[in-house]
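Undergrad: PDB, C-alpha atoms, saved as data20.pdb, coming up:
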ATOM      1  CA  MET A   1     126.969 163.744 180.230  1.00  0.00           C
ATOM      2  CA  SER A   2     126.265 162.183 183.602  1.00  0.00           C
ATOM      3  CA  ALA A   3     124.697 158.783 184.100  1.00  0.00           C
ATOM      4  CA  TYR A   4     123.125 157.333 187.210  1.00  0.00           C
ATOM      5  CA  VAL A   5     122.551 153.911 188.699  1.00  0.00           C
ATOM      6  CA  TYR A   6     119.798 153.979 191.269  1.00  0.00           C
ATOM      7  CA  ILE A   7     117.962 151.733 193.683  1.00  0.00           C
ATOM      8  CA  LEU A   8     114.288 152.217 194.442  1.00  0.00           C
ATOM      9  CA  ALA A   9     112.433 150.525 197.290  1.00  0.00           C
ATOM     10  CA  SER A  10     108.785 150.084 198.172  1.00  0.00           C
ATOM     11  CA  GLN A  11     109.630 150.635 201.856  1.00  0.00           C
ATOM     12  CA  LYS A  12     112.475 149.894 204.266  1.00  0.00           C
ATOM     13  CA  ASN A  13     113.698 146.362 203.481  1.00  0.00           C
ATOM     14  CA  GLY A  14     110.899 146.101 200.914  1.00  0.00           C
ATOM     15  CA  THR A  15     110.884 145.286 197.218  1.00  0.00           C
ATOM     16  CA  LEU A  16     113.974 146.621 195.415  1.00  0.00           C
ATOM     17  CA  TYR A  17     114.534 147.819 191.857  1.00  0.00           C
ATOM     18  CA  VAL A  18     117.870 148.688 190.230  1.00  0.00           C
ATOM     19  CA  GLY A  19     117.887 150.998 187.214  1.00  0.00           C
ATOM     20  CA  VAL A  20     120.078 153.251 185.087  1.00  0.00           C
ATOM     21  CA  THR A  21     119.291 156.648 183.553  1.00  0.00           C
ATOM     22  CA  ALA A  22     120.799 159.843 182.171  1.00  0.00           C
ATOM     23  CA  ASP A  23     118.215 162.001 183.991  1.00  0.00           C
ATOM     24  CA  LEU A  24     117.681 160.826 187.554  1.00  0.00           C
ATOM     25  CA  VAL A  25     115.139 163.479 188.563  1.00  0.00           C
ATOM     26  CA  LYS A  26     112.939 162.788 185.542  1.00  0.00           C
ATOM     27  CA  ARG A  27     113.198 159.008 185.837  1.00  0.00           C
ATOM     28  CA  VAL A  28     112.347 158.876 189.542  1.00  0.00           C
ATOM     29  CA  TYR A  29     109.436 161.246 188.889  1.00  0.00           C
ATOM     30  CA  GLU A  30     108.178 158.789 186.267  1.00  0.00           C
ATOM     31  CA  HIS A  31     108.354 155.961 188.815  1.00  0.00           C
ATOM     32  CA  LYS A  32     106.642 158.031 191.520  1.00  0.00           C
ATOM     33  CA  THR A  33     103.785 159.089 189.252  1.00  0.00           C
ATOM     34  CA  LYS A  34     103.461 155.584 187.792  1.00  0.00           C
ATOM     35  CA  LEU A  35     104.247 156.786 184.264  1.00  0.00           C
ATOM     36  CA  ALA A  36     106.799 153.979 184.012  1.00  0.00           C
ATOM     37  CA  ASP A  37     104.903 150.777 183.261  1.00  0.00           C
ATOM     38  CA  GLY A  38     106.244 147.488 184.491  1.00  0.00           C
ATOM     39  CA  PHE A  39     107.790 146.199 187.682  1.00  0.00           C
ATOM     40  CA  THR A  40     107.900 149.422 189.716  1.00  0.00           C
ATOM     41  CA  LYS A  41     104.313 150.342 188.905  1.00  0.00           C
ATOM     42  CA  ARG A  42     103.061 146.821 189.624  1.00  0.00           C
ATOM     43  CA  TYR A  43     104.833 146.557 192.998  1.00  0.00           C
ATOM     44  CA  GLY A  44     104.642 150.175 194.183  1.00  0.00           C
ATOM     45  CA  VAL A  45     108.390 150.729 194.131  1.00  0.00           C
ATOM     46  CA  SER A  46     109.077 154.469 194.057  1.00  0.00           C
ATOM     47  CA  ARG A  47     111.285 155.476 197.009  1.00  0.00           C
ATOM     48  CA  LEU A  48     114.770 156.527 195.852  1.00  0.00           C
ATOM     49  CA  VAL A  49     117.064 155.041 198.500  1.00  0.00           C
ATOM     50  CA  TYR A  50     120.445 154.943 196.739  1.00  0.00           C
ATOM     51  CA  TYR A  51     122.215 156.258 193.650  1.00  0.00           C
ATOM     52  CA  GLU A  52     125.661 156.539 192.103  1.00  0.00           C
ATOM     53  CA  ILE A  53     126.876 159.068 189.516  1.00  0.00           C
ATOM     54  CA  PHE A  54     129.061 158.133 186.525  1.00  0.00           C
ATOM     55  CA  ASP A  55     130.753 160.159 183.792  1.00  0.00           C
ATOM     56  CA  GLN A  56     129.812 157.721 181.045  1.00  0.00           C
ATOM     57  CA  MET A  57     126.634 155.743 180.394  1.00  0.00           C
ATOM     58  CA  ILE A  58     128.567 152.580 179.492  1.00  0.00           C
ATOM     59  CA  THR A  59     130.159 152.546 182.962  1.00  0.00           C
ATOM     60  CA  ALA A  60     126.780 153.068 184.606  1.00  0.00           C
ATOM     61  CA  ILE A  61     125.259 150.221 182.586  1.00  0.00           C
ATOM     62  CA  GLU A  62     128.086 147.911 183.652  1.00  0.00           C
ATOM     63  CA  ARG A  63     127.487 148.841 187.298  1.00  0.00           C
ATOM     64  CA  GLU A  64     123.729 148.322 186.914  1.00  0.00           C
ATOM     65  CA  LYS A  65     124.314 144.830 185.531  1.00  0.00           C
ATOM     66  CA  GLN A  66     126.672 144.085 188.408  1.00  0.00           C
ATOM     67  CA  LEU A  67     124.155 145.216 191.034  1.00  0.00           C
ATOM     68  CA  LYS A  68     121.349 143.249 189.405  1.00  0.00           C
ATOM     69  CA  ARG A  69     123.434 140.086 189.836  1.00  0.00           C
ATOM     70  CA  TRP A  70     124.010 140.810 193.525  1.00  0.00           C
ATOM     71  CA  HIS A  71     122.206 138.961 196.296  1.00  0.00           C
ATOM     72  CA  ARG A  72     119.431 140.899 197.997  1.00  0.00           C
ATOM     73  CA  ASP A  73     121.398 141.124 201.266  1.00  0.00           C
ATOM     74  CA  TRP A  74     124.309 142.781 199.449  1.00  0.00           C
ATOM     75  CA  LYS A  75     121.968 145.415 197.979  1.00  0.00           C
ATOM     76  CA  ILE A  76     120.425 146.067 201.399  1.00  0.00           C
ATOM     77  CA  ASN A  77     123.894 146.516 202.897  1.00  0.00           C
ATOM     78  CA  LEU A  78     124.816 148.908 200.065  1.00  0.00           C
ATOM     79  CA  VAL A  79     121.712 151.038 200.687  1.00  0.00           C
ATOM     80  CA  GLU A  80     122.276 151.063 204.447  1.00  0.00           C
ATOM     81  CA  SER A  81     125.943 152.039 204.037  1.00  0.00           C
ATOM     82  CA  LYS A  82     124.785 155.425 202.683  1.00  0.00           C
ATOM     83  CA  ASN A  83     121.140 155.680 203.802  1.00  0.00           C
ATOM     84  CA  LYS A  84     120.668 153.870 207.102  1.00  0.00           C
ATOM     85  CA  ASN A  85     117.061 155.048 207.549  1.00  0.00           C
ATOM     86  CA  TRP A  86     116.024 154.308 203.949  1.00  0.00           C
ATOM     87  CA  ASP A  87     114.961 157.944 203.508  1.00  0.00           C
ATOM     88  CA  ASP A  88     113.533 158.931 200.134  1.00  0.00           C
ATOM     89  CA  LEU A  89     116.392 160.874 198.531  1.00  0.00           C
ATOM     90  CA  TYR A  90     114.280 162.296 195.709  1.00  0.00           C
ATOM     91  CA  SER A  91     113.587 165.644 197.409  1.00  0.00           C
ATOM     92  CA  SER A  92     117.324 166.209 197.912  1.00  0.00           C
ATOM     93  CA  LEU A  93     117.744 166.143 194.117  1.00  0.00           C
ATOM     94  CA  LEU A  94     115.273 168.977 193.511  1.00  0.00           C
TER      95      LEU A  94
END
Would you mind writing the file out in structure tokens?

TA:
Amino acid sequence: MSAYVYILASQKNGTLYVGVTADLVKRVYEHKTKLADGFTKRYGVSRLVYYEIFDQMITAIEREKQLKRWHRDWKINLVESKNKNWDDLYSSLL
């Protein structure tokens, strides 16, 4: 079973959200269609700008916790290391 850590953004350099899931396509869809109540719905955060794949959920959860403790600048640098233009990566998953 795969697990994913992902970063969503409202726009380039906008509001960021770090999450973890076993089904990235489904989870991002839930954020995009505002089915997921809470932070992302409230702040319009639905652009998938970064993700990592893990073999085990426990490892993904550890990474999620690590990223959530990071400074904002570190997260921005991580996104830009793989996605300089902050493109929405969701369509590449389909």

Undergrad: Would you kindly return, as a VMD selection string, each protein, DNA or RNA residue with an atom no farther than 8 Å from any atom of Lys32 (chain A), considering all atoms listed in the file and excluding same-chain residues fewer than 5 positions away?

TA: chain A and resid 45 to 47

Undergrad: Would you kindly return, as a list in words, each protein, DNA or RNA residue with an atom no farther than 9 Å from any atom of region 68-71 of chain A, considering all atoms listed in the file and excluding same-chain residues fewer than 4 positions away?

TA: Tyr17, Val18, Gly19, Arg63, Glu64, Lys75 and Ile76 of chain A

Undergrad: Quick one: which residues end up in the PyMOL selection byres ((chain A and resi 27) around 12) for this structure, as a compact mmCIF listing (two decimals) with C-alpha atoms, in the coordinates of the input?

TA:
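What landed in selection-v9.txt:
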# COMPACT_ATOMS: atom_id res chain seq x y z
CA ALA A 3 124.70 158.78 184.10
CA TYR A 4 123.12 157.33 187.21
CA VAL A 5 122.55 153.91 188.70
CA TYR A 6 119.80 153.98 191.27
CA ILE A 7 117.96 151.73 193.68
CA LEU A 8 114.29 152.22 194.44
CA GLY A 19 117.89 151.00 187.21
CA VAL A 20 120.08 153.25 185.09
CA THR A 21 119.29 156.65 183.55
CA ALA A 22 120.80 159.84 182.17
CA ASP A 23 118.22 162.00 183.99
CA LEU A 24 117.68 160.83 187.55
CA VAL A 25 115.14 163.48 188.56
CA LYS A 26 112.94 162.79 185.54
CA VAL A 28 112.35 158.88 189.54
CA TYR A 29 109.44 161.25 188.89
CA GLU A 30 108.18 158.79 186.27
CA HIS A 31 108.35 155.96 188.82
CA LYS A 32 106.64 158.03 191.52
CA THR A 33 103.78 159.09 189.25
CA LYS A 34 103.46 155.58 187.79
CA LEU A 35 104.25 156.79 184.26
CA ALA A 36 106.80 153.98 184.01
CA ASP A 37 104.90 150.78 183.26
CA THR A 40 107.90 149.42 189.72
CA SER A 46 109.08 154.47 194.06
CA ARG A 47 111.28 155.48 197.01
CA LEU A 48 114.77 156.53 195.85
CA TYR A 90 114.28 162.30 195.71
CA LEU A 93 117.74 166.14 194.12

Undergrad: Work out how far CA of Ser81 (chain A) is from CA of Tyr50 (chain A), in Å to one decimal.

TA: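 Taking CA of Tyr50 (chain A) and CA of Ser81 (chain A), their separation equals 9.6 Å.
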
Undergrad: Report the distance between CA of Gly44 (chain A) and CA of Leu16 (chain A) in Å, rounded to one decimal place.

TA: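 About the pair CA of Gly44 (chain A) and CA of Leu16 (chain A): they are 10.1 Å apart.
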
Undergrad: Just how far from CA of Tyr43 (chain A) is CA of Thr15 (chain A), in Å to one decimal?

TA: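 Separation of CA of Thr15 (chain A) and CA of Tyr43 (chain A): 7.5 Å.
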
Undergrad: Considering all atoms listed in the file, state which residue in the set A:Phe54, A:Asn13, A:Phe39, A:Val49 is at the smallest distance from Ser91 (chain A).

TA: A:Val49

Undergrad: For Met57 (chain A), which residue out of A:Asn83, A:Gln11, A:Ser2, A:Ser92 is the nearest one, using all atoms listed in the file?

TA: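 Result for the nearest residue to Met57 (chain A): A:Ser2.
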